[in-house]
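Engineer: Just data_29.csv, nothing more (CSV, C-alpha atoms (C1' of nucleotides)):
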```
chain,number,residue,atom,x,y,z
A,96,MET,CA,-40.6,7.0,99.7
A,97,ALA,CA,-40.5,10.2,97.8
A,98,ALA,CA,-40.1,12.2,101.0
A,99,ASP,CA,-36.5,10.9,101.3
A,100,ASP,CA,-35.7,12.3,97.8
A,101,ALA,CA,-37.3,15.6,98.7
A,102,ALA,CA,-35.2,15.7,101.9
A,103,GLU,CA,-32.0,15.0,100.2
A,104,ASN,CA,-32.8,17.6,97.6
A,105,LEU,CA,-33.6,20.1,100.3
A,106,ALA,CA,-30.2,19.4,101.9
A,107,LEU,CA,-28.6,20.3,98.6
A,108,VAL,CA,-30.4,23.6,98.6
A,109,LEU,CA,-29.5,24.3,102.2
A,110,MET,CA,-25.8,23.9,101.2
A,111,ARG,CA,-26.3,26.9,98.9
A,112,ASN,CA,-27.3,28.8,102.0
A,113,GLY,CA,-23.9,28.3,103.3
A,114,LEU,CA,-24.4,25.1,105.4
A,115,GLN,CA,-21.9,22.3,105.2
A,116,LYS,CA,-23.1,18.9,103.9
A,117,ALA,CA,-23.6,17.1,107.2
A,118,PRO,CA,-25.5,19.9,108.9
A,119,ALA,CA,-27.6,20.4,105.8
A,120,ARG,CA,-28.6,16.7,105.7
A,121,VAL,CA,-29.3,16.7,109.4
A,122,LEU,CA,-31.4,19.8,109.2
A,123,ALA,CA,-33.4,18.4,106.4
A,124,ALA,CA,-34.0,15.3,108.4
A,125,PHE,CA,-35.3,17.4,111.2
A,126,LEU,CA,-37.8,18.9,108.8
A,127,PHE,CA,-39.0,15.7,107.4
A,128,ALA,CA,-39.1,13.7,110.6
A,129,GLU,CA,-42.5,12.2,111.5
A,130,GLU,CA,-41.8,12.7,115.2
A,131,GLU,CA,-41.8,15.9,117.1
A,132,SER,CA,-38.2,15.4,118.1
A,133,VAL,CA,-35.4,13.1,117.2
A,134,THR,CA,-32.3,11.7,118.7
A,135,ALA,CA,-28.7,11.6,117.4
A,136,THR,CA,-28.9,7.9,116.9
A,137,ASP,CA,-32.1,8.1,114.9
A,138,LEU,CA,-30.5,10.6,112.6
A,139,GLY,CA,-27.4,8.6,112.2
A,140,GLU,CA,-29.4,5.5,111.2
A,141,ARG,CA,-31.7,7.4,108.8
A,142,LEU,CA,-28.9,9.3,107.1
A,143,GLY,CA,-26.3,6.5,107.2
A,144,MET,CA,-23.8,8.7,108.9
A,145,ASN,CA,-21.8,7.8,112.0
A,146,SER,CA,-22.3,9.3,115.4
A,147,GLY,CA,-19.3,11.6,115.3
A,148,SER,CA,-20.6,13.4,112.2
A,149,VAL,CA,-24.1,13.6,113.6
A,150,SER,CA,-22.8,15.0,116.9
A,151,THR,CA,-20.7,17.6,115.1
A,152,ALA,CA,-23.6,18.6,112.9
A,153,ILE,CA,-26.0,18.9,115.9
A,154,THR,CA,-23.5,21.1,117.8
A,155,MET,CA,-23.2,23.3,114.7
A,156,LEU,CA,-26.9,23.6,114.2
A,157,ARG,CA,-27.4,24.4,117.9
A,158,THR,CA,-24.8,27.2,117.9
A,159,VAL,CA,-26.7,28.9,115.1
A,160,ALA,CA,-29.9,28.4,116.9
A,161,LEU,CA,-31.7,26.3,114.2
A,162,ILE,CA,-32.4,23.4,116.5
A,163,GLU,CA,-32.7,23.0,120.2
A,164,ARG,CA,-32.8,20.3,122.9
A,165,ALA,CA,-36.3,19.0,123.4
A,166,PRO,CA,-37.5,17.7,126.7
A,167,ALA,CA,-37.7,13.9,126.6
A,168,PRO,CA,-39.0,12.5,129.8
A,169,GLY,CA,-38.0,9.0,130.5
A,170,SER,CA,-35.5,8.8,127.6
A,171,ARG,CA,-31.8,8.5,128.2
A,172,ARG,CA,-31.0,9.9,124.8
A,173,GLU,CA,-31.0,13.6,124.0
A,174,HIS,CA,-33.9,14.7,121.8
A,175,TYR,CA,-33.7,17.7,119.5
A,176,ARG,CA,-36.1,19.6,117.4
A,177,LEU,CA,-36.3,22.5,115.0
A,178,ARG,CA,-36.6,25.8,116.7
A,179,GLU,CA,-39.4,28.2,116.3
A,180,HIS,CA,-38.6,30.8,113.7
A,181,ALA,CA,-35.7,28.7,112.4
A,182,TRP,CA,-36.1,30.1,108.9
A,183,ALA,CA,-36.0,33.6,110.1
A,184,THR,CA,-33.0,32.8,112.1
A,185,LEU,CA,-31.3,31.3,109.0
A,186,MET,CA,-32.0,34.4,107.1
A,187,SER,CA,-30.8,36.6,110.0
A,188,GLY,CA,-27.5,34.8,109.6
A,189,GLN,CA,-27.2,36.6,106.3
A,190,ASN,CA,-27.3,39.8,108.3
A,191,ALA,CA,-23.9,38.9,109.7
A,192,VAL,CA,-22.5,38.6,106.2
A,193,VAL,CA,-24.1,41.9,105.2
A,194,GLN,CA,-22.4,43.6,108.2
A,195,ALA,CA,-19.1,42.0,107.2
A,196,MET,CA,-19.5,43.5,103.7
A,197,LEU,CA,-20.3,46.8,105.3
A,198,ASP,CA,-17.3,46.7,107.5
A,199,ALA,CA,-15.0,45.6,104.6
A,200,ALA,CA,-16.3,48.5,102.5
A,201,GLU,CA,-15.6,51.0,105.4
A,202,ASP,CA,-12.1,49.6,105.7
A,203,GLY,CA,-11.6,50.1,102.0
A,204,ILE,CA,-12.9,53.6,102.1
A,205,ALA,CA,-10.4,54.4,104.8
A,206,ALA,CA,-7.6,52.9,102.9
A,207,THR,CA,-8.1,54.7,99.6
A,208,GLY,CA,-7.6,58.3,98.5
A,209,ASP,CA,-10.5,60.6,98.5
A,210,ASP,CA,-11.3,61.0,94.9
A,211,SER,CA,-10.0,57.8,93.4
A,212,PRO,CA,-12.3,55.5,91.4
A,213,ALA,CA,-11.7,52.9,94.1
A,214,HIS,CA,-13.0,55.3,96.7
A,215,ARG,CA,-16.1,56.0,94.7
A,216,ARG,CA,-16.8,52.3,94.1
A,217,LEU,CA,-16.3,51.4,97.8
A,218,THR,CA,-18.6,54.2,98.8
A,219,GLU,CA,-21.4,52.9,96.6
A,220,MET,CA,-20.9,49.5,98.0
A,221,ARG,CA,-21.0,50.8,101.5
A,222,ASP,CA,-24.2,52.7,100.9
A,223,PHE,CA,-25.9,49.6,99.5
A,224,TYR,CA,-25.0,47.4,102.3
A,225,ALA,CA,-25.9,50.1,104.8
A,226,PHE,CA,-29.3,50.1,103.2
A,227,VAL,CA,-29.7,46.4,103.4
A,228,PHE,CA,-28.4,46.3,106.9
A,229,ARG,CA,-31.1,48.7,107.9
A,230,GLU,CA,-33.9,47.0,106.0
A,231,LEU,CA,-33.3,43.3,106.6
A,232,PRO,CA,-34.3,43.2,110.3
A,233,ASP,CA,-37.5,45.1,109.3
A,234,LEU,CA,-38.3,42.4,106.7
A,235,ILE,CA,-37.9,39.7,109.3
A,236,ASP,CA,-40.0,41.6,111.8
A,237,ARG,CA,-42.8,42.1,109.3
A,238,TRP,CA,-42.7,38.3,108.7
A,239,LYS,CA,-43.0,37.6,112.4
A,240,ALA,CA,-45.9,40.0,112.7
A,241,GLU,CA,-47.7,38.7,109.7
A,242,ARG,CA,-47.2,35.1,110.9
A,243,THR,CA,-48.5,35.9,114.4
A,244,ALA,CA,-51.5,37.7,113.0
A,245,GLY,CA,-52.3,34.9,110.7
A,246,ARG,CA,-52.5,32.5,113.6
A,247,GLY,CA,-54.8,34.8,115.5
B,118,MET,CA,-0.3,49.6,101.2
B,119,ALA,CA,-3.2,49.0,103.5
B,120,ALA,CA,-5.6,48.9,100.6
B,121,ASP,CA,-4.2,45.5,99.6
B,122,ASP,CA,-5.0,44.1,103.0
B,123,ALA,CA,-8.5,45.6,102.8
B,124,ALA,CA,-8.9,44.0,99.4
B,125,GLU,CA,-7.8,40.6,100.5
B,126,ASN,CA,-10.1,40.9,103.5
B,127,LEU,CA,-13.0,41.8,101.3
B,128,ALA,CA,-12.3,38.8,99.2
B,129,LEU,CA,-12.7,36.6,102.3
B,130,VAL,CA,-16.1,38.2,103.0
B,131,LEU,CA,-17.2,37.8,99.4
B,132,MET,CA,-16.5,34.1,99.8
B,133,ARG,CA,-19.1,34.0,102.5
B,134,ASN,CA,-21.5,35.3,99.9
B,135,GLY,CA,-21.0,32.1,98.1
B,136,LEU,CA,-18.3,33.1,95.7
B,137,GLN,CA,-15.3,30.9,95.2
B,138,LYS,CA,-11.9,32.0,96.1
B,139,ALA,CA,-10.5,33.1,92.7
B,140,PRO,CA,-13.6,35.0,91.6
B,141,ALA,CA,-13.8,36.6,95.0
B,142,ARG,CA,-10.2,37.9,94.8
B,143,VAL,CA,-10.7,39.1,91.3
B,144,LEU,CA,-13.9,41.0,92.2
B,145,ALA,CA,-12.1,42.6,95.1
B,146,ALA,CA,-9.3,43.7,92.8
B,147,PHE,CA,-11.9,45.3,90.5
B,148,LEU,CA,-13.2,47.3,93.4
B,149,PHE,CA,-9.9,48.5,94.6
B,150,ALA,CA,-8.4,49.2,91.1
B,151,GLU,CA,-7.2,52.7,90.6
B,152,GLU,CA,-8.2,52.6,87.0
B,153,GLU,CA,-11.7,52.6,85.5
B,154,SER,CA,-11.1,49.2,83.9
B,155,VAL,CA,-8.5,46.5,84.1
B,156,THR,CA,-7.2,43.7,81.9
B,157,ALA,CA,-6.8,40.0,82.7
B,158,THR,CA,-3.0,40.3,82.7
B,159,ASP,CA,-3.1,43.2,85.2
B,160,LEU,CA,-5.2,41.1,87.5
B,161,GLY,CA,-3.0,38.1,87.2
B,162,GLU,CA,0.1,40.2,88.1
B,163,ARG,CA,-1.5,42.0,91.0
B,164,LEU,CA,-3.0,38.9,92.5
B,165,GLY,CA,-0.2,36.6,91.7
B,166,MET,CA,-2.5,34.1,89.9
B,167,ASN,CA,-1.9,32.7,86.5
B,168,SER,CA,-3.9,33.6,83.4
B,169,GLY,CA,-5.9,30.4,83.4
B,170,SER,CA,-7.4,31.1,86.8
B,171,VAL,CA,-8.0,34.7,86.0
B,172,SER,CA,-9.8,33.8,82.8
B,173,THR,CA,-12.0,31.3,84.6
B,174,ALA,CA,-12.8,33.8,87.3
B,175,ILE,CA,-13.7,36.5,84.8
B,176,THR,CA,-15.9,34.2,82.9
B,177,MET,CA,-17.7,33.4,86.1
B,178,LEU,CA,-18.1,37.0,87.2
B,179,ARG,CA,-19.4,37.9,83.8
B,180,THR,CA,-22.0,35.1,83.7
B,181,VAL,CA,-23.4,36.4,87.0
B,182,ALA,CA,-23.4,40.0,85.6
B,183,LEU,CA,-21.1,41.5,88.2
B,184,ILE,CA,-18.5,42.7,85.7
B,185,GLU,CA,-18.7,43.5,82.1
B,186,ARG,CA,-16.4,44.2,79.2
B,187,ALA,CA,-15.3,47.8,78.9
B,188,PRO,CA,-14.5,49.5,75.6
B,189,ALA,CA,-10.8,49.9,75.3
B,190,PRO,CA,-10.0,51.7,72.1
B,191,GLY,CA,-6.5,51.1,70.8
B,192,SER,CA,-5.8,48.3,73.3
B,193,ARG,CA,-5.4,44.7,72.2
B,194,ARG,CA,-6.3,43.4,75.6
B,195,GLU,CA,-9.8,43.0,76.8
B,196,HIS,CA,-10.7,45.5,79.5
B,197,TYR,CA,-13.3,44.7,82.2
B,198,ARG,CA,-15.0,46.8,84.9
B,199,LEU,CA,-17.5,46.4,87.7
B,200,ARG,CA,-21.1,46.7,86.4
B,201,GLU,CA,-23.6,49.3,87.6
B,202,HIS,CA,-25.7,47.9,90.4
B,203,ALA,CA,-23.3,45.0,90.9
B,204,TRP,CA,-24.2,44.8,94.6
B,205,ALA,CA,-27.9,44.7,94.0
B,206,THR,CA,-27.2,42.0,91.4
B,207,LEU,CA,-25.2,40.0,93.9
B,208,MET,CA,-28.1,40.2,96.3
B,209,SER,CA,-30.5,39.2,93.7
B,210,GLY,CA,-28.5,36.1,93.3
B,211,GLN,CA,-29.8,35.2,96.7
B,212,ASN,CA,-33.2,35.3,95.3
B,213,ALA,CA,-32.5,32.2,93.3
B,214,VAL,CA,-31.5,30.5,96.5
B,215,VAL,CA,-34.8,31.7,98.1
B,216,GLN,CA,-36.7,30.3,95.2
B,217,ALA,CA,-34.9,27.0,95.5
B,218,MET,CA,-35.9,26.8,99.1
B,219,LEU,CA,-39.4,27.6,98.2
B,220,ASP,CA,-39.5,24.8,95.6
B,221,ALA,CA,-37.9,22.3,97.9
B,222,ALA,CA,-40.5,23.1,100.5
B,223,GLU,CA,-43.3,22.6,98.0
B,224,ASP,CA,-41.8,19.2,97.0
B,225,GLY,CA,-41.7,18.3,100.6
B,226,ILE,CA,-45.3,19.3,101.2
B,227,ALA,CA,-46.4,17.2,98.2
B,228,ALA,CA,-44.4,14.2,99.6
B,229,THR,CA,-45.8,14.2,103.1
B,230,GLY,CA,-49.1,13.3,104.6
B,231,ASP,CA,-51.6,16.0,105.3
B,232,ASP,CA,-51.5,16.3,109.1
B,233,SER,CA,-48.0,15.0,109.9
B,234,PRO,CA,-45.6,17.2,111.8
B,235,ALA,CA,-43.3,17.2,108.7
B,236,HIS,CA,-46.2,18.6,106.7
B,237,ARG,CA,-46.7,21.3,109.2
B,238,ARG,CA,-43.0,22.3,109.4
B,239,LEU,CA,-42.7,22.3,105.6
B,240,THR,CA,-45.7,24.5,105.3
B,241,GLU,CA,-44.2,27.0,107.7
B,242,MET,CA,-41.0,26.9,105.7
B,243,ARG,CA,-42.9,27.4,102.5
B,244,ASP,CA,-44.8,30.4,103.9
B,245,PHE,CA,-41.6,32.1,105.1
B,246,TYR,CA,-39.8,31.7,101.8
B,247,ALA,CA,-42.8,32.8,99.8
B,248,PHE,CA,-42.9,35.9,101.9
B,249,VAL,CA,-39.2,36.6,101.3
B,250,PHE,CA,-39.5,35.8,97.7
B,251,ARG,CA,-42.2,38.5,97.4
B,252,GLU,CA,-40.4,41.1,99.5
B,253,LEU,CA,-36.8,40.8,98.3
B,254,PRO,CA,-37.3,42.3,94.8
B,255,ASP,CA,-39.1,45.2,96.4
B,256,LEU,CA,-36.2,45.8,98.7
B,257,ILE,CA,-33.9,46.0,95.8
B,258,ASP,CA,-36.2,48.3,93.9
B,259,ARG,CA,-36.4,50.6,96.9
B,260,TRP,CA,-32.7,50.8,96.9
B,261,LYS,CA,-32.4,51.6,93.2
B,262,ALA,CA,-35.1,54.3,93.6
B,263,GLU,CA,-33.4,55.8,96.7
B,264,ARG,CA,-30.0,55.8,94.9
B,265,THR,CA,-31.4,57.4,91.8
B,266,ALA,CA,-33.2,60.0,93.8
B,267,GLY,CA,-30.1,60.8,95.8
B,268,ARG,CA,-28.1,61.5,92.7
B,269,GLY,CA,-30.8,63.9,91.6
C,69,DC,C1',-2.5,34.5,54.6
C,70,DC,C1',1.0,34.5,58.2
C,71,DG,C1',2.6,35.4,62.8
C,72,DA,C1',2.4,37.7,67.3
C,73,DG,C1',-0.2,38.6,71.3
C,74,DG,C1',-4.0,37.4,74.0
C,75,DT,C1',-7.4,34.2,75.8
C,76,DT,C1',-9.5,29.9,76.9
C,77,DT,C1',-9.4,25.1,78.0
C,78,DC,C1',-7.9,20.9,80.2
C,79,DA,C1',-5.5,17.1,82.6
C,80,DC,C1',-3.0,16.7,86.6
C,81,DA,C1',-0.9,18.2,91.1
C,82,DG,C1',-1.8,20.3,95.3
C,83,DA,C1',-4.5,22.0,98.9
C,84,DT,C1',-8.7,21.9,101.6
C,85,DC,C1',-12.5,20.2,103.6
C,86,DT,C1',-15.3,15.9,105.4
C,87,DT,C1',-16.0,11.6,107.3
C,88,DT,C1',-14.7,7.9,109.8
C,89,DG,C1',-13.5,4.8,113.7
C,90,DA,C1',-12.0,4.6,118.0
C,91,DA,C1',-10.7,6.5,122.3
C,92,DT,C1',-12.3,9.7,125.9
C,93,DA,C1',-15.6,12.0,128.7
C,94,DC,C1',-20.2,12.3,130.5
C,95,DT,C1',-24.4,11.1,133.1
C,96,DC,C1',-27.8,8.8,134.8
C,97,DT,C1',-29.4,4.6,137.5
C,98,DT,C1',-28.9,1.5,140.9
D,263,DA,C1',-19.5,4.9,143.7
D,264,DA,C1',-19.6,1.5,139.8
D,265,DG,C1',-21.1,0.5,135.4
D,266,DA,C1',-23.9,0.8,131.2
D,267,DG,C1',-25.4,3.6,127.7
D,268,DT,C1',-24.7,8.1,125.2
D,269,DA,C1',-22.3,11.9,123.5
D,270,DT,C1',-18.0,14.3,122.0
D,271,DT,C1',-13.5,14.8,120.4
D,272,DC,C1',-9.6,13.9,117.3
D,273,DA,C1',-6.1,12.0,114.2
D,274,DA,C1',-5.9,9.9,109.9
D,275,DA,C1',-8.1,8.4,105.5
D,276,DG,C1',-10.8,9.7,101.8
D,277,DA,C1',-13.2,12.7,98.8
D,278,DT,C1',-13.7,17.2,96.7
D,279,DC,C1',-12.5,21.4,95.1
D,280,DT,C1',-8.9,24.7,93.2
D,281,DG,C1',-4.8,26.3,91.0
D,282,DT,C1',-1.2,25.4,87.6
D,283,DG,C1',1.2,25.0,83.3
D,284,DA,C1',1.0,24.0,78.8
D,285,DA,C1',-1.3,23.4,74.6
D,286,DA,C1',-5.0,24.9,71.6
D,287,DC,C1',-7.5,28.5,69.9
D,288,DC,C1',-8.8,33.0,68.5
D,289,DT,C1',-8.1,37.7,66.5
D,290,DC,C1',-6.1,41.4,64.5
D,291,DG,C1',-2.3,43.8,62.0
D,292,DG,C1',0.8,43.6,58.5
```
Before anything else, please render the file you have as structure tokens.

Structural biologist:
Amino acid sequence: MAADDAAENLALVLMRNGLQKAPARVLAAFLFAEEESVTATDLGERLGMNSGSVSTAITMLRTVALIERAPAPGSRREHYRLREHAWATLMSGQNAVVQAMLDAAEDGIAATGDDSPAHRRLTEMRDFYAFVFRELPDLIDRWKAERTAGRG
Amino acid sequence: MAADDAAENLALVLMRNGLQKAPARVLAAFLFAEEESVTATDLGERLGMNSGSVSTAITMLRTVALIERAPAPGSRREHYRLREHAWATLMSGQNAVVQAMLDAAEDGIAATGDDSPAHRRLTEMRDFYAFVFRELPDLIDRWKAERTAGRG
DNA sequence: CCGAGGTTTCACAGATCTTTGAATACTCTT
DNA sequence: AAGAGTATTCAAAGATCTGTGAAACCTCGG
């Protein structure tokens, strides 16, 4: 099935977003699953990975709020599914690295003399990330608004 | 000097932006350098890395347009410096990732049946990244405009 | 056209990160 | 409260990525 190739390819792309291999493959599997929710065992079988790796991956994806437990009445196994706004969440994660850049720049500014080239460069860097840090949440809010409007 | 710590810390943060270790350290060194431009040998000495690693790192940073050769009359060694708008460039690099996500989503949509859950999820994903793909360049343009205006 | 200084390339060694398999800890059901 | 079925943790093996040192390759001045 071509969907499997597409899923593996998506996993590769997700890795460029900073995810590790196992979580990336698991997340891709969630996307491509034909069910509303899946169990750890399912994932392990489909992806050919052992339960330990799957468990670790699920824990990781849950801590970054990309997936969540799904109610599964009558089943002994835990079911999981993609969360609403998972993509916006993934992008928001970038916000943390933007803030880290901002902080690093501030530290640099504090550690360099007032009119050195380093000071000037660090100030430019700080200004840029301050700008992005302000604008990124807006971007995501606009998306959420647009999406909600689109649904009526 | 505290600046060195700040530089090493910045390198760590840059790695979260997807840079590898050596390029990250080299880029941080460019930022914190007290000169307008630096040579490969300087970098090697300051960072305690050998010329091979430095060379590879510089090549990498040049291909992504974060640094550039600087004219250095009368010097035999090549000089390099941070490029104008380096930070905006670094962020634009994310645009490539966004496009890859978009493409991966399209592939998935093509590979799944019309009304399956997978199809629906992939469509949401596609819409989100299409939105970001449209908006990100605007964001960067706004920054450039604001920056230029600020300088008068 | 030769030689010195500088840069790049490359195979290998070393470090780092991942996965695995198995033991441990849960948690329902009866 | 016991036991079966799941889930999680962890040390060790395996795979991957990175840095090193040395050789090859430029480039410019003499």

Engineer: Just fit chain A onto chain B on all the Cα atoms, in order, by least squares, and give it as a short mmCIF file (atom, residue, chain, number, x, y, z; two decimals) with C-alpha atoms, keeping the file's coordinate frame.

Structural biologist:
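Okay, this is what ended up in out_36.cif:
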```cif
data_model
loop_
_atom_site.label_atom_id
_atom_site.label_comp_id
_atom_site.auth_asym_id
_atom_site.auth_seq_id
_atom_site.Cartn_x
_atom_site.Cartn_y
_atom_site.Cartn_z
CA MET A 96 -0.28 49.63 101.14
CA ALA A 97 -3.16 49.05 103.42
CA ALA A 98 -5.58 48.95 100.50
CA ASP A 99 -4.16 45.53 99.51
CA ASP A 100 -4.99 44.16 103.02
CA ALA A 101 -8.47 45.64 102.82
CA ALA A 102 -8.92 43.99 99.39
CA GLU A 103 -7.83 40.64 100.50
CA ASN A 104 -10.06 40.90 103.52
CA LEU A 105 -12.96 41.88 101.33
CA ALA A 106 -12.33 38.79 99.17
CA LEU A 107 -12.66 36.70 102.30
CA VAL A 108 -16.01 38.25 103.01
CA LEU A 109 -17.18 37.80 99.45
CA MET A 110 -16.46 34.03 99.84
CA ARG A 111 -19.11 34.01 102.57
CA ASN A 112 -21.49 35.28 99.94
CA GLY A 113 -21.01 32.13 98.11
CA LEU A 114 -18.18 33.13 95.68
CA GLN A 115 -15.26 30.83 95.14
CA LYS A 116 -11.77 32.08 96.12
CA ALA A 117 -10.49 33.15 92.71
CA PRO A 118 -13.60 35.06 91.70
CA ALA A 119 -13.75 36.68 95.11
CA ARG A 120 -10.13 37.91 94.85
CA VAL A 121 -10.70 39.11 91.33
CA LEU A 122 -13.84 40.94 92.25
CA ALA A 123 -12.15 42.63 95.09
CA ALA A 124 -9.41 43.71 92.79
CA PHE A 125 -11.95 45.23 90.52
CA LEU A 126 -13.21 47.27 93.44
CA PHE A 127 -9.91 48.49 94.55
CA ALA A 128 -8.40 49.16 91.15
CA GLU A 129 -7.22 52.75 90.56
CA GLU A 130 -8.21 52.52 86.90
CA GLU A 131 -11.65 52.56 85.47
CA SER A 132 -11.12 49.17 83.90
CA VAL A 133 -8.58 46.44 84.07
CA THR A 134 -7.26 43.68 81.96
CA ALA A 135 -6.79 39.95 82.70
CA THR A 136 -3.07 40.34 82.72
CA ASP A 137 -3.14 43.22 85.17
CA LEU A 138 -5.20 41.15 87.53
CA GLY A 139 -3.01 38.17 87.20
CA GLU A 140 0.10 40.23 88.05
CA ARG A 141 -1.54 42.04 90.99
CA LEU A 142 -3.04 38.91 92.51
CA GLY A 143 -0.15 36.55 91.66
CA MET A 144 -2.45 34.16 89.93
CA ASN A 145 -1.91 32.67 86.48
CA SER A 146 -3.91 33.52 83.43
CA GLY A 147 -6.02 30.38 83.41
CA SER A 148 -7.41 31.12 86.88
CA VAL A 149 -7.99 34.75 86.04
CA SER A 150 -9.78 33.82 82.81
CA THR A 151 -11.99 31.32 84.62
CA ALA A 152 -12.80 33.81 87.33
CA ILE A 153 -13.65 36.57 84.78
CA THR A 154 -15.98 34.21 82.86
CA MET A 155 -17.69 33.33 86.15
CA LEU A 156 -18.09 36.90 87.21
CA ARG A 157 -19.45 37.84 83.77
CA THR A 158 -22.08 35.08 83.78
CA VAL A 159 -23.45 36.46 87.03
CA ALA A 160 -23.38 39.90 85.65
CA LEU A 161 -21.00 41.46 88.27
CA ILE A 162 -18.50 42.66 85.73
CA GLU A 163 -18.66 43.49 82.09
CA ARG A 164 -16.39 44.14 79.09
CA ALA A 165 -15.35 47.76 78.92
CA PRO A 166 -14.60 49.49 75.69
CA ALA A 167 -10.84 49.93 75.30
CA PRO A 168 -9.99 51.75 72.16
CA GLY A 169 -6.58 51.10 70.85
CA SER A 170 -5.84 48.25 73.30
CA ARG A 171 -5.44 44.70 72.14
CA ARG A 172 -6.29 43.35 75.55
CA GLU A 173 -9.83 42.98 76.84
CA HIS A 174 -10.75 45.47 79.56
CA TYR A 175 -13.37 44.75 82.20
CA ARG A 176 -15.06 46.71 84.86
CA LEU A 177 -17.59 46.38 87.63
CA ARG A 178 -21.11 46.67 86.46
CA GLU A 179 -23.57 49.22 87.58
CA HIS A 180 -25.72 47.90 90.37
CA ALA A 181 -23.31 45.00 90.94
CA TRP A 182 -24.21 44.82 94.62
CA ALA A 183 -27.84 44.64 93.91
CA THR A 184 -27.19 42.01 91.40
CA LEU A 185 -25.17 40.01 93.99
CA MET A 186 -27.99 40.23 96.38
CA SER A 187 -30.53 39.28 93.66
CA GLY A 188 -28.53 36.09 93.34
CA GLN A 189 -29.81 35.22 96.77
CA ASN A 190 -33.27 35.37 95.26
CA ALA A 191 -32.41 32.26 93.28
CA VAL A 192 -31.54 30.42 96.46
CA VAL A 193 -34.74 31.64 98.13
CA GLN A 194 -36.77 30.25 95.17
CA ALA A 195 -34.88 26.96 95.46
CA MET A 196 -35.87 26.78 99.15
CA LEU A 197 -39.40 27.56 98.15
CA ASP A 198 -39.47 24.90 95.54
CA ALA A 199 -37.85 22.31 97.91
CA ALA A 200 -40.48 23.10 100.55
CA GLU A 201 -43.34 22.63 97.94
CA ASP A 202 -41.82 19.31 96.95
CA GLY A 203 -41.75 18.28 100.58
CA ILE A 204 -45.29 19.33 101.14
CA ALA A 205 -46.35 17.17 98.25
CA ALA A 206 -44.45 14.25 99.50
CA THR A 207 -45.78 14.17 103.05
CA GLY A 208 -49.15 13.28 104.55
CA ASP A 209 -51.57 15.99 105.28
CA ASP A 210 -51.48 16.26 108.98
CA SER A 211 -48.04 15.00 109.83
CA PRO A 212 -45.59 17.16 111.80
CA ALA A 213 -43.38 17.11 108.72
CA HIS A 214 -46.20 18.58 106.68
CA ARG A 215 -46.75 21.33 109.18
CA ARG A 216 -43.05 22.19 109.37
CA LEU A 217 -42.67 22.26 105.55
CA THR A 218 -45.69 24.48 105.28
CA GLU A 219 -44.23 27.04 107.66
CA MET A 220 -41.05 26.97 105.76
CA ARG A 221 -42.84 27.45 102.52
CA ASP A 222 -44.79 30.40 103.83
CA PHE A 223 -41.61 32.11 105.02
CA TYR A 224 -39.80 31.75 101.85
CA ALA A 225 -42.87 32.79 99.89
CA PHE A 226 -42.81 35.94 101.95
CA VAL A 227 -39.20 36.62 101.31
CA PHE A 228 -39.55 35.81 97.68
CA ARG A 229 -42.20 38.45 97.41
CA GLU A 230 -40.38 41.08 99.45
CA LEU A 231 -36.78 40.82 98.27
CA PRO A 232 -37.27 42.32 94.77
CA ASP A 233 -39.16 45.22 96.47
CA LEU A 234 -36.16 45.84 98.77
CA ILE A 235 -33.84 45.99 95.80
CA ASP A 236 -36.19 48.27 93.91
CA ARG A 237 -36.46 50.66 96.83
CA TRP A 238 -32.61 50.75 96.88
CA LYS A 239 -32.47 51.59 93.21
CA ALA A 240 -35.03 54.33 93.66
CA GLU A 241 -33.40 55.80 96.68
CA ARG A 242 -29.99 55.72 94.94
CA THR A 243 -31.36 57.42 91.81
CA ALA A 244 -33.08 60.07 93.86
CA GLY A 245 -30.02 60.74 95.84
CA ARG A 246 -28.08 61.50 92.70
CA GLY A 247 -30.74 63.87 91.49
#
```

Engineer: For atom CA of Thr136 of chain A and atom CA of Arg172 of chain A, quote the distance in Å rounded to one decimal.

Structural biologist: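 Value for the atom CA of Thr136 of chain A-atom CA of Arg172 of chain A distance: 8.4 Å.
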
Engineer: If you count only C-alpha atoms (C1' of nucleotides), which residues fall within 8 Å of segment 225-238 of chain B, apart from same-chain ones fewer than 3 positions away, as a VMD selection string?

Structural biologist: (chain A and resid 97 to 98 101 to 102 126 to 131) or (chain B and resid 221 to 222 241 to 242)

Engineer: Near chain B, meaning an atom within 10 Å, which residues of chain C appear when counting all atoms listed in the file? Write them as a PyMOL selection string.

Structural biologist: chain C and resi 73-77

Engineer: For DT92 of chain C, list every protein, DNA or RNA residue within 10 Å, evaluated using only C-alpha atoms (C1' of nucleotides), and leave out those in the same chain fewer than 4 positions away; present the list as a ChimeraX atom specification.

Structural biologist: /D:270-272

Engineer: The selected residues should be written to file as a PDB file, in the frame of the given file (atoms: C-alpha atoms (C1' of nucleotides)).

Structural biologist:
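Saved result, again-v4.pdb, follows:
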```
ATOM      1  C1'  DT D 270     -18.000  14.300 122.000  1.00  0.00           C
ATOM      2  C1'  DT D 271     -13.500  14.800 120.400  1.00  0.00           C
ATOM      3  C1'  DC D 272      -9.600  13.900 117.300  1.00  0.00           C
TER       4       DC D 272
END
```

Engineer: Once you count all atoms listed in the file, which residues end up no further than 7 Å from (-0.3, 22.9, 87.5) in the file's frame, shown as an NGL selection string?

Structural biologist: (:C and (80-81)) or (:D and (281-283))

Engineer: Give me, please, the distance in Å between atom CA of Glu185 of chain B and atom CA of Leu131 of chain B, quoted to one decimal.

Structural biologist: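 Those two atoms sit 18.3 Å apart.
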
Engineer: For each of B:Arg186, B:His196, B:Arg163, B:Arg243, take the minimum atom-to-atom distance to chain A, counting only C-alpha atoms, then give the residue where this is smallest.

Structural biologist: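 Using only C-alpha atoms, chain A sits closest to B:Arg243.
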